[in-house]
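Reading through the structure tokens given below for one structure.
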Amino acid sequence: MFRFSRALLLPACLGLSVAVAIAVLWFQGVSVVAGSAELRNERRVADLSAERLTARSLRRSGISIPDVVVTDERGRSLRLLSDIIRDRSVCVNFFYTRCDGSCPGTTRTIRSLRSELAQHFRAEELVFVSISLDPVADTAARLAEYRRSYGITDAGGQSEWIFVSCAESDLGAVRRGFGAYDLDSAVDAERNQHAATVTFGNARLDRWSALPAAMDRGQLLSAMCRIMGNSARQRYVSLLLQRR
Amino acid sequence: MINYSTRRTAIGAGVAAFTSAVSGRGGSGAVAGRASDGRHGTQLHVPRFVQNMPISPTKRPVSTGNAPWQVGDCFHGVAPEYFNRATAENVSFNFPQMFPEQYYELRAKEFIGEVIPGVRTPLLGYDGLFPGPTFRVRSCQPIVVRQFNDLFDTELSTHLHGGHNPSHSDGYPNFYILPGQARDYFYTNTLPGRNGIADISECPSTCWYHDHAMDIAGDTCAHGLAGFYLQYDDLELNLIRRNILPADAYDIPVLIQDRRFNSDGTIFYDPLDHNGYLGDVYVVNGKAFPKFHVQRRKYRFRFLNGCNARHLELRLSSNASFLGLGTDSWLYPQAIVRSTLLMSPAKRADVIIDFTNAPNEVFLENILEQSDGRGPDGPLDDRKVQIPGTPVLKFVVEGTRRSDSATVSVGAPLRPHVPIRPEEIVETRVFEFHRRNGAWQINQKFFDEFRADACPKLGTAERWILRNGSGGWWHPVHIHLESHQIQKIDGRIPPLSERFKVDTTMLGPNTEAEIFMRFRTFRGPFVFHCHNIEHEDMRMMFVFDPRTDGPMSNQPLQQYHP
């Protein structure tokens with residue numbers, strides 16, 4: 001009897017230790033796999049070309065941003081497309097200085113995106129434009145005061161950020177061009193229902209998108225890099241290195 | 001590259017010069033060089049019903065049994081499930097593989113097509129074709145498709161719409177194929193089941209594949225990235241062998257889309273118009289307003305609404321009915337009579353048209369009125385229609401009656417249906433769709449690509465309430481991974497054609513749908529979203545992530561494969 005159970009015990013012990021060993025290896029294996037996924041992504045980032053993309057698709061976007069004259073916070077008269085956006089990447093939002101709804105949050109979001117994007121884009125590659133929905137009240141002086149009140153500076157290699165008002169008669173076309181309007185006329189007429197989205201694109205490569213300003217900021221930044229980027233590296237590095 | 005720029009000059013230079021002259025400021029980048037007169041409707045002359053409707057070629061495998069390359073040895077790799085097929089996580093994927101694995105290669109390319117006769121149109125196409133090649137695959141025969149992105153300017157993510165596929169290969173919106181790179185898509189062609197018995201009621205017939213890349217799928221799909229993926233199992237092959245269902249030259253996949261063209265031949269598409277893209281030219285299998293010659297017999301047509309935002313209600317000008325075989329991917333239990341085919345974007349209608357006694361000319365027409373991208377005019381059950389509608393496709397009926405026509409008729413048994421019983425339901429979830437400040441939310445939340453909103457337990461079924469709280473907008477809600485069964489729409493039993501298995505549920509303004517759905521195959525993440533692609537691009541999307549423990553909500557994703 002004794003001999004019998006001992007004979008059982010030994011293989012049982014062996015089996016247990018083998019099982020423990022397997023379990024340990026398995027858990028280590030899992031962490032090694034997780035680690036290697038990150039390593040793999042870093043390796044993949046190294047594979048991404050930093051070369052400026054030049055080839056353009058034959059298809060084209062049908063965007064209709066009007067090249068209207070706007071006044072900026074320094075009182076300069078500038079054309080929206082040919083003087084401000086040019087062939088740069090651009091981030092556009094609509095706001096008005098008296099807004100106590102979504103605008104303050106959107107302005108703060110763009111302020112932090114602008115400083116983070118400075119790590120990905122050279123200052124001259126990118127421009128930020130905030131367009132007033134209340135062009136009569138939002139004079140150059142008021143726009144300048146608004147910009148100042150949010151502590152917006154050009155320090156640290158950040159890209160230009162221009163606050164503008166257009167002619168009131170041009171506002172409809174400008175909003176339509178950037179897709180910031182509502183087909184429901186009641187909603188559209190309501191200024192505090194205005195689109196709290198940021199529209200961004202790369203005018204040189206003719207690539208555009210828009211997203212809600214209040215979404216997760218890391219994911220918004222990743223999408224902006226992907227749409228506005230001038231090289232594969234600029235576009236996809238945030239995607240591959242973004243942490244869950 | 002040289003080739004491209006030369007062609008671009010040929011097509012675009014005139015317009016660029018014109019725009020520069022008008023604005024008086026040449027060379028101010030891409031924006032000034034665009035042609036977008038298509039905004040006000042297609043200005044080109046579009047001849048009607050002179051071109052023949054083409055049928056996309058069947059995609060052939062590179063090899064069967066032996067892989068031509070090491071599977072997973074590409075930039076985006078392959079699904080972990082490829083190497084790990086019999087696990088507890090994949091509840092039912094330890095199902096015997098009955099045929100040797102097949103290997104395919106598919107390349108997304110830019111090319112010049114001729115949608116309108118004599119007009120050169122830049123398109124995007126799988127294998128340089130629009131529509132892409134048609135996959136015809138066998139159930140229980142897994143395939144690996146190495147997909148290359150040969151586009152230099154756009155990332156892609158291919159969704160196989162209506163199939164059971166691992167998360168890595170399902171077209172999760174940011175599980176991309178980056179430009180110049182490749183991903184091995186593992187299409188399992190499996191069936192869910194338990195204890196080794198396959199649930200053949202879930203076997204899909206008419207799937208399709210299309211681009212699903214985050215934020216930009218409206219553009220890529222509008223330019224042609226879509227194709228059919230037809231799956232056959234023993235049951236359907238028997239229906240074909242016994243000449244109950246038509247096959248081969250009498251079984252025709254038909255992709256219907258609406259497009260607008262600029263006068264330089266380019267497709268008009270404004271990525272900053274988020275309401276929904278509408279066209280004024282119907283493009284059927286890649287040709288504007290084509291005709292199709294048919295014999296006096298029964299034909300099976302797999303109609304697919306491949307429009308971005310236009311809903312269709314199809315009807316025959318001869319007043320004849322359709323014989324309905326299935327909705328979306330799945331055959332009905334029995335063939336039914338359908339007088340019209342209401343189809344939101346992404347929906348399929350698998351039907352028989354019997355031309356035996358038809359007049360010599362029959363038009364397929366769209367009778368649904370839709371004034372803007374938000375959706376058809378009027379509510380779901382009182383939508384505006386106009387008869388006669390807009391002719392989309394002309395059938396030219398030729399010859400004498402064919403005696404060898406397929407025999408399917410009303411009531412013919414097709415695929416058994418296994419209803420989900422209320423006692424199987426372990427969880428009820430409510431999803432309410434809202435519009436807020438120009439963007440979309442579900443349950444007051446924006447889409448988060450790292451948050452699994454719903455985590456059903458694998459092997460269970462759930463009840464989902466889909467509620468459209470966004471005013472006058474329509475939202476066709478597509479749920480990935482498995483079919484769902486509509487119980488009620490606004491408290492009433494849905495029409496017969498929507499009563500069995502669907503993968504897309506149409507929500508009209510203020511509509512509420514109650515659906516049952518099983519989660520049986522792969523762990524997530526997967527998305528469900530509005531299939532108005534402009535709404536989808538504005539991230540009207542949510543994540544569900546079936547897992548072994550649950551049900552839960554708001555969890556981190558189980559896996560991530562960018």
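Labels used: A, B, ... for chains in the order of the structure tokens, numbers from 1 for residues in each chain, and numbers from 1 for ligands as shown.
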Leaving out A:Cys166 and any residue of its chain fewer than 4 positions from it, which residues lie within 10 Å of it when counting only C-alpha atoms, given as a ChimeraX atom specification? /A:68-72,77-80,131-136,138-139,170-171,174
Kindly assemble as a tab-separated table a list of the chain A residues that lie within 6 Å of chain B, each paired with its nearest atom pair and their distance in Å to one decimal, using only C-alpha atoms, sorted first by chain and then by ascending residue number.
residue	atom	partner	partner_atom	distance
A:Leu58	CA	B:Arg8	CA	5.8
A:Arg59	CA	B:Pro122	CA	5.5
A:Ser61	CA	B:Asp270	CA	5.6
A:Gly62	CA	B:Asp270	CA	4.3
A:Ile63	CA	B:Asp270	CA	4.9
A:Ser82	CA	B:Ser28	CA	5.8
A:Arg86	CA	B:Ser28	CA	5.4
A:Asp87	CA	B:Gly29	CA	4.5
A:Phe178	CA	B:Leu272	CA	5.9
A:Gly179	CA	B:Leu272	CA	5.0
A:Gln193	CA	B:Asn437	CA	5.6
A:His194	CA	B:Asn437	CA	5.6
A:Ala195	CA	B:Asn437	CA	4.3
A:Ala196	CA	B:Asn437	CA	5.2
A:Ala203	CA	B:Ala30	CA	5.8
A:Arg204	CA	B:Ala30	CA	4.9
A:Asp206	CA	B:Ala30	CA	5.9
A:Pro212	CA	B:Ala439	CA	5.9
A:Met215	CA	B:Phe446	CA	6.0
A:Arg244	CA	B:Phe450	CA	5.9
Between B:Phe500, B:Phe433, B:Tyr82, B:Tyr232, which is the closest to B:Pro333 once you count only C-alpha atoms?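 Once distances to B:Pro333 are computed over only C-alpha atoms, the minimum belongs to B:Phe500.
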Here is a test: counting only C-alpha atoms, which residue of A:Glu51, A:Glu42, A:Asp100, A:Asp67 is nearest to A:Arg191? A:Asp100
As an exercise, work out the distance from atom CA of B:Pro546 to atom CA of B:Phe519 in Å and give it to one decimal place.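 Atom CA of B:Phe519 lies 6.6 Å from atom CA of B:Pro546.
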Would you list, as number ranges by chain, the residues of stretch 55-188 of chain A that end up in alpha helix (DSSP H) under DSSP run on this structure's backbone? A: 103-117, 140-149, 171-177, 185-188
Can those selected residues be exported to a file as a PDB file, in the first residue's frame so that it contains C-alpha atoms?
ATOM      1  CA  CYS A 103     -15.856  77.379 -27.702  1.00  0.00           C
ATOM      2  CA  PRO A 104     -13.710  77.844 -24.592  1.00  0.00           C
ATOM      3  CA  GLY A 105     -13.153  74.068 -24.403  1.00  0.00           C
ATOM      4  CA  THR A 106     -12.401  73.831 -28.118  1.00  0.00           C
ATOM      5  CA  THR A 107      -9.913  76.709 -27.924  1.00  0.00           C
ATOM      6  CA  ARG A 108      -8.114  75.072 -24.999  1.00  0.00           C
ATOM      7  CA  THR A 109      -8.084  71.722 -26.842  1.00  0.00           C
ATOM      8  CA  ILE A 110      -6.536  73.293 -29.929  1.00  0.00           C
ATOM      9  CA  ARG A 111      -4.030  75.141 -27.747  1.00  0.00           C
ATOM     10  CA  SER A 112      -2.744  71.860 -26.346  1.00  0.00           C
ATOM     11  CA  LEU A 113      -2.918  70.056 -29.709  1.00  0.00           C
ATOM     12  CA  ARG A 114      -0.843  72.873 -31.196  1.00  0.00           C
ATOM     13  CA  SER A 115       1.888  72.431 -28.651  1.00  0.00           C
ATOM     14  CA  GLU A 116       1.889  68.634 -29.092  1.00  0.00           C
ATOM     15  CA  LEU A 117       1.851  68.875 -32.882  1.00  0.00           C
ATOM     16  CA  ALA A 140      -9.555  92.634 -34.873  1.00  0.00           C
ATOM     17  CA  ALA A 141      -9.136  94.141 -31.408  1.00  0.00           C
ATOM     18  CA  ARG A 142     -11.536  91.661 -29.891  1.00  0.00           C
ATOM     19  CA  LEU A 143      -9.900  88.728 -31.638  1.00  0.00           C
ATOM     20  CA  ALA A 144      -6.515  89.924 -30.353  1.00  0.00           C
ATOM     21  CA  GLU A 145      -7.905  90.208 -26.840  1.00  0.00           C
ATOM     22  CA  TYR A 146      -9.400  86.702 -27.091  1.00  0.00           C
ATOM     23  CA  ARG A 147      -6.089  85.274 -28.292  1.00  0.00           C
ATOM     24  CA  ARG A 148      -4.266  87.039 -25.463  1.00  0.00           C
ATOM     25  CA  SER A 149      -6.769  85.874 -22.837  1.00  0.00           C
ATOM     26  CA  LEU A 171     -19.796  83.412 -43.615  1.00  0.00           C
ATOM     27  CA  GLY A 172     -22.344  80.979 -45.065  1.00  0.00           C
ATOM     28  CA  ALA A 173     -20.016  79.949 -47.892  1.00  0.00           C
ATOM     29  CA  VAL A 174     -17.055  79.609 -45.523  1.00  0.00           C
ATOM     30  CA  ARG A 175     -19.033  77.434 -43.117  1.00  0.00           C
ATOM     31  CA  ARG A 176     -20.319  75.289 -45.981  1.00  0.00           C
ATOM     32  CA  GLY A 177     -16.824  74.925 -47.398  1.00  0.00           C
ATOM     33  CA  SER A 185     -32.238  75.408 -40.609  1.00  0.00           C
ATOM     34  CA  ALA A 186     -33.455  75.775 -37.014  1.00  0.00           C
ATOM     35  CA  VAL A 187     -30.347  74.051 -35.682  1.00  0.00           C
ATOM     36  CA  ASP A 188     -28.183  75.953 -38.154  1.00  0.00           C
TER      37      ASP A 188
END
Under the rule that only C-alpha atoms are counted, which of A:Tyr236, A:Val129, A:Gly151, A:Phe94 is the nearest residue to A:Ala180?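 Comparing A:Tyr236, A:Val129, A:Gly151, A:Phe94 against A:Ala180, the winner is A:Phe94.
Nearest residue to A:Arg60, choosing from A:Trp208, A:Phe200, A:Phe163, A:Phe95 and counting only C-alpha atoms: A:Trp208.
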Between atom CA of A:Trp161 and atom CA of A:Val92 - distance in Å to one decimal: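 About the pair atom CA of A:Val92 and atom CA of A:Trp161: they are 9.7 Å apart.
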Could you give me the residues within stretch 70-274 of chain B that DSSP places in strand (DSSP E), as a ChimeraX atom specification? /B:102-113,121-126,135-138,143-149,158-161,182-187,193-194,197-198,206-211,226-232,251-259
Could you tell me how far atom CA of B:Arg435 lies from atom CA of B:Asp503, in Å and to one decimal?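 According to the coordinates, atom CA of B:Arg435 and atom CA of B:Asp503 are separated by 23.2 Å.
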